[in-house]
Structures are given as structure tokens and as C-alpha cells.
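Have a look at the structure below before the remarks.
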Amino acid sequence: MSTVPLTLQARSPMKALPWAVPVALLLFALPQAIDPYKTILLAYGLVMGIAALGFNLLLGYTGLLSFGHSAYFGVGAYAVALIFKYFHVRSMELFLLGAILASLVVSALFGFVCVRYTRIFFGILTLALSQVLWSLAFKFYPITGGTDGLRVPTPTLLGLPLDTAGDKILFLARNYYYYVLGFFFACVLVMWVIVNSPFGKALQAIRDNETRAEFVGIHIRRYRFVAFLVSGVFTGIAGALWVPLNGLTTPDILYWPFSGEIVFMTVLGGFRTFSGPIFGAVVFNYLKTSAVGFTTYWQALLGAILVFLVLALPGGIVGTVVQLFPMLKKRFSR
Amino acid sequence: MPGPVTRRDLLAQLGVTAAATFGASAAGIGFAGVARAQEKPKGTIPDKPFRIGHMTFFTGPGAVLGEPMHKGNLLAADEINAQGGLLGKRKIEVLKADEAAGTDANVKEMRRLKLSEKIDMFMGITSSGNTPALGPAAEELKLLTIFIDGCTDFLFDKAVPNPRYVFRVTNIQSADGSTCALAVAQTWPDVKKVAHIHPDYAYGRNCYDHFSIVSKKLIPRAQNVSEAWPKLFSTDFTSHITKTLAAKPDLLVTSVWGGDYISFYKQALQHGLFDKMKVATTLALGTAPHAIGKDHPEGVLAGVHANYHFSYPPGNRWPLNKTFVEKYKAKFNEYPNFQAEGAYTATHILRTAVEKANKLTGGWPDDDAIISQIEGMMIAGPGGYVYIRPDNHQGYKDAITGFSKNVPEYPFPILDPARIITIPIRNITAPPGWPKGEPTSTYTWIDQTWPTVKQA
């Protein structure tokens with residue numbers, strides 16, 4: 001059985017407060033200080049942070065590398081678009097409800113198949129299943145619009161009437177940013193509780209040694225299945241929150257490179273820490289956007305960064321900082 | 001409906017003409033705006049550069065279309081900057097952005113260009129998968145935009161039905177499928193079995209729809225025997241080619257374009273496809289001309305997006321084209337494609353609108369003033385007159401297609417100068433006031449108003 005070095009430690013919520021509170025306050029205050037464009041980018045980053053958080057429950061905590069998380073993200077997003085298309089609903093809460101249900105159903109179906117396997121078999125299965133969804137979105141032109149995608153207009157938030165004359169950019173950078181931020185905090189909190197609960201501990205036990213975990217009495221497949229569900233739903237929520245930011249859904253978000261991006265951001269931030277995937281998502285989002293703007297060779301640039309990351313910073317950004325921090329502390333206290 | 005119409009009558013009604021182009025005629029046709037001496041602008045003009053964000057394909061199989069678009073923009077910007085810039089003061093700066101990053105990233109990038117780079121205008125776009133996403137985004141940003149291509153009818157039919165800031169300069173997409181079908185009806189009226197290979201996205205479906213509706217009217221006996229829908233930016237067409245061969249059609253219609261078309265025709269050559277059937281394309285010679293090799297078969301109906309081929313109008317018959325091609329060749333050491341012409345014309349549309357608006361308002365005109373001048377503008381570009389319809393902000397120019405031919409003067413195939421087909425654009429596109437239709441307004445317009453010819 002493979003063992004991953006254990007650095008995910010149980011921490012009481014109190015211990016996290018000294019850094020969590022300033023970060024939260026910063027996220028609250030930032031839109032006042034930065035321009036609307038950067039705020040919208042940050043909102044993208046937070047949304048992807050939720051997806052990466054969900055993804056990392058499988059990778060970092062359960063030891064399962066999914067290469068098909070675009071599926072749940074896409075299901076969340078397409079649920080929103082289809083709800084609008086067929087029911088003409090514009091309430092974000094109903095969108096989210098639909099996305100949660102849809103991603104729950106799809107991750108239950110896919111999870112049922114996938115959790116029977118681990119390692120490369122698990123990765124390939126998740127990849128294959130996500131490609132099935134992609135090809136459905138791609139080919140069912142009358143329903144999904146094919147590669148043209150489906151447009152979704154500005155939703156109403158919390159049932160408040162829509163200011164139709166309003167500026168869409170300001171809407172995204174103010175109202176919608178705080179809406180996303182609210183969900184982001186809720187998701188982080190829920191995930192924190194999950195990974196520090198007995199259930200979360202059991203997942204980590206399964207990750208570290210499957211055989212031992214089984215002997216302790218953990219029903220491995222069931223635990224993996226539940227982790228898969230939670231992971232899928234988190235990613236689905238992210239997909240739904242992403243739609244108003246982008247304005248439309250396209251099969252791109254169901255395609256395998258998008259799954260790759262979720263893996264990339266998680267590795268970038270560090271999958272052995274709780275906050276790593278979140279930071280990775282925010283940083284990746286800035287990185288990709290500036291790379292695309294900076295050079296037409298942006299793919300090469302991102303590729304080079306990934307290679308550097310794997311070779312030089314296997315712990316990711318947060319993982320490396322966490323490792324360096326005690327060393328620095330020692331040096332400065334001397 | 002009046003009595004039965006023959007194909008010949010209907011083609012004549014539609015003004016479909018195939019004519020040998022004759023050599024250089026006497027010069028002396030008046031220039032309509034491009035590259036003339038600058039009048040002194042009214043009021044004080046700031047000398048802040050005018051920034052244009054130009055997004056097109058710089059990487060991947062779309063780049064053989066995208067790169068020339070950017071170059072057309074640069075060439076016009078150079079001409080304008082040589083005279084001091086817009087209104088003699090504001091030099092044009094062109095910022096590049098890669099369309100290949102994907103639709104979602106493109107929306108982000110457009111926002112970045114406007115909000116962070118503070119561009120004054122947005123230009124570009126090749127893929128009709130992207131304009132329906134970027135059109136609404138531009139309207140949200142209140143960003144003056146001229147799309148060069150990405151010419152899906154869907155943009156102004158549905159995605160932005162009442163455009164304010166968004167314009168598009170190259171022909172509406174339905175014209176492409178219709179032009180191809182009319183050319184087939186004129187050239188090969190006896191085809192009975194038709195196969196299709198189209199990229200599986202907006203453009204391919206649009207070409208299929210409009211080819212089908214026009215051929216239903218003009219060659220009603222033709223039947224579909226095979227359809228293949230490769231993914232956009234495929235490199236392997238073998239399975240689609242063998243499927244087509246197995247159906248034994250008389251005619252293959254394809255709207256595969258860019259690097260995809262290059263892969264397609266090379267693979268089709270290996271299978272001897274061009275020997276076994278006639279081939280009609282919508283965009284074969286729409287790429288940068290040098291991208292197609294002399295191994296490309298002759299006599300293929302080689303579409304240029306119903307827009308422009310540098311060899312037409314020939315010689316000095318339309319001096320704007322002669323000077324454009326010469327300047328483009330001198331600057332980039334290659335020949336322009338329809339997108340280079342589109343971007344070049346669009347940049348001059350901007351210049352003309354700014355100059356006209358300045359005369360009315362004095363000083364640097366605001367976007368509203370510039371927009372009011374672009375709406376309804378008729379301008380002569382290298383390919384002919386372009387009219388920007390005020391109601392839907394769509395550019396219209398007469399459609400053109402022709403047949404591939406190798407000539408000693410060029411190291412690549414061109415349109416056979418003896419067999420250029422041109423069609424007045426108003427005869428193949430839905431007129432102003434025609435209700436929005438499904439799949440497009442032009443489709444319903446053709447379906448409801450064109451007679452079906454009597455086929456012997």
C-alpha cells in the first residue's frame with residue numbers, strides 16, 4: 001500500500017484563527033481597494049478555490065487522484081444553464097439548489113463505479129467518465145448548444161429584484177463578489193469540519209494504509225464513496241457559482257484539460273495542506289490570466305511553471321511556506 | 001407563388017455571375033476614403049495613443065487565419081500612424097491577445113483589456129464559437145468593438161439582438177453556405193448524391209443548414225448520402241474521409257477550415273478523394289494563401305468565406321485592392337487573406353467614423369458619436385464596398401467564391417481568374433425588418449421567399 005507522508009495534522013479551529021481572521025477581513029476589504037477587474041478575478045479564484053477544496057478531499061485526504069473533476073464542475077454549471085433555459089428561473093439560490101442535486105446524482109453514479117478502484121485505475125475511470133459528459137454536452141446540440149454553449153443572464157441574488165439598468169461589471173465586482181465570498185466561507189468551514197471529524201480521520205487512515213484501516217473496522221469503499229460525493233458536490237457548487245461570472249457555459253469546462261487545471265491548482269498550492277488548494281486556485285487564476293495576456297506562448301509558460309513546481313517545490317506554495325516557517329522562526333529567534 | 005421557375009431563371013434573378021476577369025483596366029476610379037490626405041481636425045485632440053485590443057488565433061490550427069487578421073490591423077494602423085494617428089494626433093497601439101485560450105478565458109481577457117489595459121476599442125475574433133460569448137461581454141463593458149470574423153448569424157440574431165457597441169465587418173455566415181450552394185447549382189447542377197463534412201460547432205452547422213436550404217430550392221433532386229462532424233481543430237480526418245468514400249457521393253461539401261482544412265486535404269489526397277467526387281468548400285482558400293500547397297487539387301470550389309481573395313478584383317480594376325496587396329506583401333512578405341482585408345477595412349472604418357464624428361462634435365468624439373457614424377457607413381475596402389447595416393451592425397459586401405487553380409506567378413493555388421463567381425449580397429441575406437428566425441433569419445427568409453426550381 002502506498003503511504004503519503006503525513007503532514008495533515010489535526011488542529012483546533014482556535015489555532016487557525018490568528019491567520020484565518022486576517023485573511024477573511026482582507027477578502028472583505030479588498031474590493032474597496034482594488035479595481036473591479038481584479039475583484040472579478042478574485043471571485044473567479046475563490047470559486048475555483050471551492051472546487052479545489054472539494055478535489056483535495058479526494059487527493060490530499062483520501063489519496064485518490066481524480067482526473068475527471070471537470071465533470072462535477074460542468075454538471076453544476078450546465079444545471080444552472082438548463083434550469084434557466086427550460087424554466088426561465090433567474091434566482092441564484094434555485095440555480096445552486098439544482099446544481100447541488102445534479103452534481104450529487106452524477107457523483108453518486110460515477111462514484112459508485114470509481115471507488116472500486118484506486119491509483120491509476122481510479123484516475124483513468126474518472127477521466128473516461130468525465131469525457132462521456134463532455135461528449136454529451138458537445139454533441140447534443142439542440143439541448144446544450146454544442147460548443148456555442150448556453151448563455152445565462154445576470155441572476156437575482158437572495159430574491160432581491162434585479163437592477164436591470166445596472167452595470168454588469170459593478171454587479172460582478174460588488175454584489176456578486178460578496179455572494180461568492182459568503183459561499184466560499186461556508187464551504188471552507190464545512191470542509192474544515194469534515195476533514196477534522198472522525199470521518200475525515202478515517203479517510204486519512206484509508207489513505208495512509210488501506211489494509212490497516214480495514215482491520216480497524218473502517219468500511220473503506222463506503223467511506224471513499226461518501227468522500228467522492230462530498231467532493232463532487234463541492235465542485236458542483238463551484239461550477240454553479242462560476243456561471244454568472246462567465247455569462248455562459250461551454251463544453252470547455254467539461255473537457256479533460258479543465259480537470260487538469262484543477263489538479264494543477266491543487267498541486268500549485270500544495271495538496272498536503274488544508275489551505276493549499278485554495279491559495280493554488282487563486283494564484284493559478286491570476287497566473288493563467290496574466291500568462292495569456294503576457295505572451296502568445298502562454299501554454300509553454302504554464303508548462304514550465306508546472307515542471308519547476310514539481311521539481312523544486314513538491315509541497316506547493318503553502319506546503320513550502322509551512323515547511324520553511326519553523327526554520328525561519330528558529331533562525332530569527334536565535 | 002408564380003409558376004415554375006427554372007434554375008437558370010433563379011440564378012439570373014439572384015445575380016449569380018461567373019465571369020472571366022479581364023486584365024488591368026484603366027485606372028482612375030475614385031478612392032473612397034482610404035489613405036487620403038488628412039484634413040485639419042476640429043477642436044483640440046489629445047495625443048494619448050488610441051489602444052486597440054486585438055484578439056485572434058496566434059497559436060494552434062486557427063493561426064493560419066488569425067495571424068493575417070492581426071497583420072491587416074497593423075498595416076492600416078501604420079498607414080494611419082504615418083499621418084500622425086487618428087485625427088493626426090492619436091497614434092494607434094495594437095495589443096495582442098490569443099483567442100486559442102478558450103471561450104471562457106477570452107471573456108476574462110476581454111475584461112482585462114478593457115478594465116486593466118484601458119483599451120479604447122476591441123477588434124478581432126476568428127471563431128464563431130467566440131463572438132456569441134464576447135458580444136454580450138463587450139456590451140456589458142460598453143466597449144466599442146468591431147469583430148472581424150466569428151461571423152455566426154446567431155450573434156446579431158440572438159446573442160446581441162440590439163447591438164450598441166458591437167459591430168462585425170466580414171460577411172454574415174449564412175452567406176457562406178448559400179454562396180457555396182449557388183455556385184454548385186450553377187456549376188454542377190446534376191449532382192444527386194451529396195456528402196457533408198463539417199466541423200462540429202456553430203460555423204459547420206450554419207454552413208450545413210444554408211447549403212441544404214439553398215440546394216433544396218435550386219437542386220431539389222440532390223440527396224444527402226453521408227454526414228460527418230469532426231471536432232473543430234481535429235488533425236485526423238481519416239475516419240470521416242473513409243465514411244464519405246463509402247457513401248460514393250457525386251459531391252462533397254465541406255466547411256472545414258484553417259489548419260484543419262490543410263490536414264483534411266492532405267489526407268483526402270492520400271485516399272484519392274478528389275478523384276472520386278467533386279468537392280465544394282466554403283473556406284479552403286480563406287487561410288493565409290501560402291498555407292495551401294500546390295499539391296492542392298485544381299477545380300475544387302474553393303470558398304473564401306464569401307468575402308475576399310487577394311486576386312480579385314484583379315490588376316488595377318479596383319486600385320484599392322492593388323495597393324493593399326502590394327503594401328501587405330512589402331510589409332509581411334506574404335499575401336493577405338479575407339481576414340487581413342477585413343481587419344484592414346475595419347481599422348479604416350474606425351478612422352473614417354472618427355473623422356466624420358469630429359467634424360460634427362469637435363475635439364475627440366465620444367463612443368456614441370463614433371458609433372453613430374459607423375452605423376449605416378458605406379466604405380470601399382480592398383475587396384469592394386462594405387455596408388454596415390444600422391439595425392444589426394453587420395457588415396455586408398458582395399459574396400465571392402471560385403475554383404482553385406495553380407498559376408506560375410504564385411507558389412500556391414489561387415482562385416481561377418477565368419471563373420470567379422460573385423453574388424450581390426442583398427440577394428442572399430435576410431433584409432432589414434425580416435423577423436428573427438430559426439436556425440437563422442436568412443434561413444427562414446430563403447425557405448419562405450425563394451421558389452423551388454423545376455428540375456427536368
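So you can find residues: chains in the C-alpha cells are A, B, ... in the order shown, residues in each start at 1, and ligands are numbered from 1 in order.
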
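Shell of A:Ala81 at 8 Å, with only C-alpha atoms counted and residues fewer than 6 places along the chain excluded, is Leu150, Arg151, Val152, Val243, Leu248 and Thr249 of chain A.
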
Next, the residues of the selection above should be written as an mmCIF file, in the first residue's frame with N, CA, C and O atoms.
```cif
data_model
loop_
_atom_site.group_PDB
_atom_site.id
_atom_site.type_symbol
_atom_site.label_atom_id
_atom_site.label_comp_id
_atom_site.auth_asym_id
_atom_site.auth_seq_id
_atom_site.Cartn_x
_atom_site.Cartn_y
_atom_site.Cartn_z
ATOM 1 N N LEU A 150 -24.370 27.674 -23.633
ATOM 2 C CA LEU A 150 -25.655 28.261 -23.259
ATOM 3 C C LEU A 150 -25.406 29.542 -22.492
ATOM 4 O O LEU A 150 -24.578 29.573 -21.574
ATOM 5 N N ARG A 151 -26.126 30.583 -22.859
ATOM 6 C CA ARG A 151 -25.967 31.854 -22.154
ATOM 7 C C ARG A 151 -26.864 31.885 -20.936
ATOM 8 O O ARG A 151 -27.970 31.394 -20.958
ATOM 9 N N VAL A 152 -26.355 32.477 -19.874
ATOM 10 C CA VAL A 152 -27.155 32.648 -18.671
ATOM 11 C C VAL A 152 -27.097 34.129 -18.298
ATOM 12 O O VAL A 152 -26.014 34.672 -18.121
ATOM 13 N N VAL A 243 -20.865 30.290 -13.234
ATOM 14 C CA VAL A 243 -21.645 30.653 -14.429
ATOM 15 C C VAL A 243 -21.914 32.162 -14.554
ATOM 16 O O VAL A 243 -21.634 32.744 -15.596
ATOM 17 N N LEU A 248 -21.742 32.436 -19.621
ATOM 18 C CA LEU A 248 -22.242 31.298 -20.390
ATOM 19 C C LEU A 248 -21.452 30.040 -20.031
ATOM 20 O O LEU A 248 -20.379 30.118 -19.449
ATOM 21 N N THR A 249 -22.044 28.886 -20.374
ATOM 22 C CA THR A 249 -21.346 27.624 -20.152
ATOM 23 C C THR A 249 -20.960 27.060 -21.500
ATOM 24 O O THR A 249 -21.739 27.148 -22.443
#
```

Would you list which chain B residues are within 9 Å of chain A using only C-alpha atoms, as a ChimeraX atom specification? /B:58-59,96-98,101-105,107-109,111-116,128-130,132-133,136-137,140-141,159,200-202

Residues from last step as file, N, CA and C atoms, as an mmCIF file, in the first residue's frame:
```
data_model
loop_
_atom_site.group_PDB
_atom_site.id
_atom_site.type_symbol
_atom_site.label_atom_id
_atom_site.label_comp_id
_atom_site.auth_asym_id
_atom_site.auth_seq_id
_atom_site.Cartn_x
_atom_site.Cartn_y
_atom_site.Cartn_z
ATOM 1 N N PHE B 58 -3.416 33.199 -32.392
ATOM 2 C CA PHE B 58 -1.978 33.306 -32.645
ATOM 3 C C PHE B 58 -1.298 31.950 -32.498
ATOM 4 N N THR B 59 -2.014 30.979 -31.921
ATOM 5 C CA THR B 59 -1.457 29.635 -31.785
ATOM 6 C C THR B 59 -2.499 28.635 -32.283
ATOM 7 N N LYS B 96 -1.978 42.555 -28.498
ATOM 8 C CA LYS B 96 -2.350 41.216 -28.947
ATOM 9 C C LYS B 96 -2.965 40.389 -27.823
ATOM 10 N N ALA B 97 -3.916 39.554 -28.169
ATOM 11 C CA ALA B 97 -4.419 38.559 -27.215
ATOM 12 C C ALA B 97 -4.748 37.297 -27.992
ATOM 13 N N ASP B 98 -4.467 36.148 -27.401
ATOM 14 C CA ASP B 98 -4.620 34.877 -28.117
ATOM 15 C C ASP B 98 -6.011 34.284 -27.904
ATOM 16 N N ALA B 101 -6.946 30.625 -26.200
ATOM 17 C CA ALA B 101 -7.020 30.313 -24.771
ATOM 18 C C ALA B 101 -8.365 29.704 -24.391
ATOM 19 N N GLY B 102 -9.342 29.725 -25.288
ATOM 20 C CA GLY B 102 -10.658 29.142 -24.994
ATOM 21 C C GLY B 102 -11.682 30.228 -24.703
ATOM 22 N N THR B 103 -12.947 29.895 -24.979
ATOM 23 C CA THR B 103 -14.019 30.885 -24.876
ATOM 24 C C THR B 103 -14.046 31.566 -23.510
ATOM 25 N N ASP B 104 -13.937 30.763 -22.463
ATOM 26 C CA ASP B 104 -14.083 31.317 -21.116
ATOM 27 C C ASP B 104 -12.927 32.252 -20.786
ATOM 28 N N ALA B 105 -11.725 31.832 -21.159
ATOM 29 C CA ALA B 105 -10.554 32.685 -20.922
ATOM 30 C C ALA B 105 -10.631 33.945 -21.782
ATOM 31 N N VAL B 107 -13.329 35.655 -22.545
ATOM 32 C CA VAL B 107 -14.202 36.619 -21.871
ATOM 33 C C VAL B 107 -13.390 37.357 -20.800
ATOM 34 N N LYS B 108 -12.617 36.587 -20.036
ATOM 35 C CA LYS B 108 -11.772 37.183 -18.992
ATOM 36 C C LYS B 108 -10.781 38.157 -19.590
ATOM 37 N N GLU B 109 -10.183 37.743 -20.717
ATOM 38 C CA GLU B 109 -9.141 38.549 -21.332
ATOM 39 C C GLU B 109 -9.725 39.849 -21.887
ATOM 40 N N ARG B 111 -12.221 41.437 -20.658
ATOM 41 C CA ARG B 111 -12.432 42.296 -19.483
ATOM 42 C C ARG B 111 -11.113 42.898 -19.025
ATOM 43 N N ARG B 112 -10.067 42.071 -19.043
ATOM 44 C CA ARG B 112 -8.768 42.581 -18.612
ATOM 45 C C ARG B 112 -8.316 43.718 -19.525
ATOM 46 N N LEU B 113 -8.481 43.503 -20.845
ATOM 47 C CA LEU B 113 -8.035 44.525 -21.791
ATOM 48 C C LEU B 113 -8.766 45.843 -21.548
ATOM 49 N N LYS B 114 -10.062 45.763 -21.290
ATOM 50 C CA LYS B 114 -10.835 46.993 -21.105
ATOM 51 C C LYS B 114 -10.553 47.618 -19.729
ATOM 52 N N LEU B 115 -10.639 46.789 -18.688
ATOM 53 C CA LEU B 115 -10.610 47.351 -17.331
ATOM 54 C C LEU B 115 -9.190 47.602 -16.830
ATOM 55 N N SER B 116 -8.262 46.787 -17.298
ATOM 56 C CA SER B 116 -6.902 46.899 -16.775
ATOM 57 C C SER B 116 -5.988 47.611 -17.759
ATOM 58 N N SER B 128 -16.550 31.469 -34.770
ATOM 59 C CA SER B 128 -17.941 31.831 -34.479
ATOM 60 C C SER B 128 -18.412 31.190 -33.180
ATOM 61 N N GLY B 129 -17.565 30.366 -32.552
ATOM 62 C CA GLY B 129 -17.884 29.923 -31.206
ATOM 63 C C GLY B 129 -17.628 31.021 -30.180
ATOM 64 N N ASN B 130 -16.827 32.015 -30.550
ATOM 65 C CA ASN B 130 -16.419 33.019 -29.563
ATOM 66 C C ASN B 130 -17.213 34.315 -29.598
ATOM 67 N N PRO B 132 -20.448 34.880 -29.932
ATOM 68 C CA PRO B 132 -21.650 34.920 -29.092
ATOM 69 C C PRO B 132 -21.320 35.071 -27.602
ATOM 70 N N ALA B 133 -20.113 34.710 -27.197
ATOM 71 C CA ALA B 133 -19.711 34.903 -25.803
ATOM 72 C C ALA B 133 -19.173 36.314 -25.605
ATOM 73 N N PRO B 136 -21.926 39.809 -26.017
ATOM 74 C CA PRO B 136 -22.590 40.295 -24.802
ATOM 75 C C PRO B 136 -21.589 40.862 -23.786
ATOM 76 N N ALA B 137 -20.407 40.254 -23.703
ATOM 77 C CA ALA B 137 -19.396 40.760 -22.755
ATOM 78 C C ALA B 137 -18.969 42.174 -23.141
ATOM 79 N N GLU B 140 -21.682 44.572 -22.157
ATOM 80 C CA GLU B 140 -21.638 44.790 -20.706
ATOM 81 C C GLU B 140 -20.539 45.777 -20.331
ATOM 82 N N LEU B 141 -19.422 45.666 -21.049
ATOM 83 C CA LEU B 141 -18.276 46.526 -20.741
ATOM 84 C C LEU B 141 -18.405 47.899 -21.390
ATOM 85 N N ALA B 159 -27.773 36.473 -29.759
ATOM 86 C CA ALA B 159 -26.917 36.785 -28.601
ATOM 87 C C ALA B 159 -26.924 38.285 -28.286
ATOM 88 N N ASP B 200 -17.800 20.369 -36.083
ATOM 89 C CA ASP B 200 -18.977 20.269 -35.225
ATOM 90 C C ASP B 200 -19.069 21.471 -34.284
ATOM 91 N N TYR B 201 -19.408 22.605 -34.808
ATOM 92 C CA TYR B 201 -19.698 23.785 -33.978
ATOM 93 C C TYR B 201 -20.478 24.768 -34.836
ATOM 94 N N ALA B 202 -20.718 25.941 -34.308
ATOM 95 C CA ALA B 202 -21.619 26.911 -34.923
ATOM 96 C C ALA B 202 -21.416 27.051 -36.429
#
```

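Between B:Asn333 and the candidates B:Val5, B:Ile414, B:Ala100, B:Ala288, the tightest atom-to-atom separation, counting only C-alpha atoms, involves B:Ala288.
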
Which residues, written as an MDAnalysis selection string, have at least one atom at most 7 Å from B:Gly259, with only C-alpha atoms counted and residues fewer than 4 positions away on the same chain left out? chainID B and resid 61:62 64 263

Shell around A:Ile218 at 10 Å using only C-alpha atoms, local window under 5 positions removed, as a short mmCIF file (atom, residue, chain, number, x, y, z; two decimals) with C-alpha atoms, in the first residue's frame:
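Saved as around_35.cif:
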```cif
data_model
loop_
_atom_site.label_atom_id
_atom_site.label_comp_id
_atom_site.auth_asym_id
_atom_site.auth_seq_id
_atom_site.Cartn_x
_atom_site.Cartn_y
_atom_site.Cartn_z
CA PHE A 199 -14.98 10.71 9.20
CA ALA A 202 -10.95 7.68 8.76
CA LEU A 203 -10.30 8.94 5.23
CA ALA A 205 -6.32 6.39 7.70
CA ILE A 206 -7.51 4.81 4.47
CA GLU A 210 -5.80 0.76 3.40
CA THR A 211 -5.24 -2.67 4.91
CA ARG A 212 -4.82 -1.40 8.44
CA ALA A 213 -7.83 0.85 8.06
CA TYR A 223 -16.04 5.96 3.16
#
```

For atom CA of A:Gly182 and atom CA of A:Leu53, the interatomic separation in Å (one decimal): 15.4 Å

Could you pull out the strand (DSSP E or B) residues of stretch 116-320 of chain A from DSSP and send them as a PyMOL selection string? chain A and resi 150-151+156+248-249

Applying 10 Å and only C-alpha atoms, which residues near B:Phe332 remain after dropping the ones on its own chain fewer than 2 positions away? List them as a ChimeraX atom specification. /B:68,71-72,75,327-330,334-336

Hey, can you spit out that residue selection with N, CA, C and O atoms as a PDB file, in the first residue's frame?
```pdb
ATOM      1  N   PRO B  68      -3.007  36.617 -40.183  1.00  0.00           N
ATOM      2  CA  PRO B  68      -3.241  37.655 -41.194  1.00  0.00           C
ATOM      3  C   PRO B  68      -4.208  38.744 -40.709  1.00  0.00           C
ATOM      4  O   PRO B  68      -4.079  39.898 -41.118  1.00  0.00           O
ATOM      5  N   LYS B  71      -2.259  41.182 -38.889  1.00  0.00           N
ATOM      6  CA  LYS B  71      -1.400  41.932 -39.806  1.00  0.00           C
ATOM      7  C   LYS B  71      -2.183  42.991 -40.565  1.00  0.00           C
ATOM      8  O   LYS B  71      -1.677  44.094 -40.808  1.00  0.00           O
ATOM      9  N   GLY B  72      -3.413  42.677 -40.957  1.00  0.00           N
ATOM     10  CA  GLY B  72      -4.254  43.661 -41.639  1.00  0.00           C
ATOM     11  C   GLY B  72      -4.509  44.866 -40.751  1.00  0.00           C
ATOM     12  O   GLY B  72      -4.462  46.020 -41.192  1.00  0.00           O
ATOM     13  N   LEU B  75      -1.243  46.876 -40.565  1.00  0.00           N
ATOM     14  CA  LEU B  75      -0.956  47.632 -41.786  1.00  0.00           C
ATOM     15  C   LEU B  75      -1.768  48.933 -41.821  1.00  0.00           C
ATOM     16  O   LEU B  75      -1.220  50.015 -42.082  1.00  0.00           O
ATOM     17  N   LYS B 327       1.160  46.690 -50.571  1.00  0.00           N
ATOM     18  CA  LYS B 327       1.669  47.121 -49.261  1.00  0.00           C
ATOM     19  C   LYS B 327       1.804  45.948 -48.293  1.00  0.00           C
ATOM     20  O   LYS B 327       2.759  45.853 -47.529  1.00  0.00           O
ATOM     21  N   TYR B 328       0.802  45.087 -48.319  1.00  0.00           N
ATOM     22  CA  TYR B 328       0.799  43.937 -47.415  1.00  0.00           C
ATOM     23  C   TYR B 328       1.982  43.026 -47.728  1.00  0.00           C
ATOM     24  O   TYR B 328       2.697  42.572 -46.839  1.00  0.00           O
ATOM     25  N   LYS B 329       2.204  42.809 -49.030  1.00  0.00           N
ATOM     26  CA  LYS B 329       3.309  41.953 -49.474  1.00  0.00           C
ATOM     27  C   LYS B 329       4.641  42.586 -49.060  1.00  0.00           C
ATOM     28  O   LYS B 329       5.558  41.900 -48.588  1.00  0.00           O
ATOM     29  N   ALA B 330       4.748  43.900 -49.239  1.00  0.00           N
ATOM     30  CA  ALA B 330       6.002  44.573 -48.913  1.00  0.00           C
ATOM     31  C   ALA B 330       6.290  44.492 -47.415  1.00  0.00           C
ATOM     32  O   ALA B 330       7.426  44.327 -46.988  1.00  0.00           O
ATOM     33  N   GLU B 334       4.127  38.263 -47.613  1.00  0.00           N
ATOM     34  CA  GLU B 334       3.135  37.233 -47.933  1.00  0.00           C
ATOM     35  C   GLU B 334       1.898  37.934 -48.478  1.00  0.00           C
ATOM     36  O   GLU B 334       1.849  39.165 -48.513  1.00  0.00           O
ATOM     37  N   TYR B 335       0.918  37.135 -48.910  1.00  0.00           N
ATOM     38  CA  TYR B 335      -0.301  37.716 -49.465  1.00  0.00           C
ATOM     39  C   TYR B 335      -1.410  37.692 -48.419  1.00  0.00           C
ATOM     40  O   TYR B 335      -1.455  36.792 -47.583  1.00  0.00           O
ATOM     41  N   PRO B 336      -2.307  38.674 -48.484  1.00  0.00           N
ATOM     42  CA  PRO B 336      -3.368  38.754 -47.462  1.00  0.00           C
ATOM     43  C   PRO B 336      -4.490  37.753 -47.700  1.00  0.00           C
ATOM     44  O   PRO B 336      -4.703  37.326 -48.836  1.00  0.00           O
TER      45      PRO B 336
END
```

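Here atom CA of B:Leu218 is placed at a distance of 8.5 Å from atom CA of B:Leu11.
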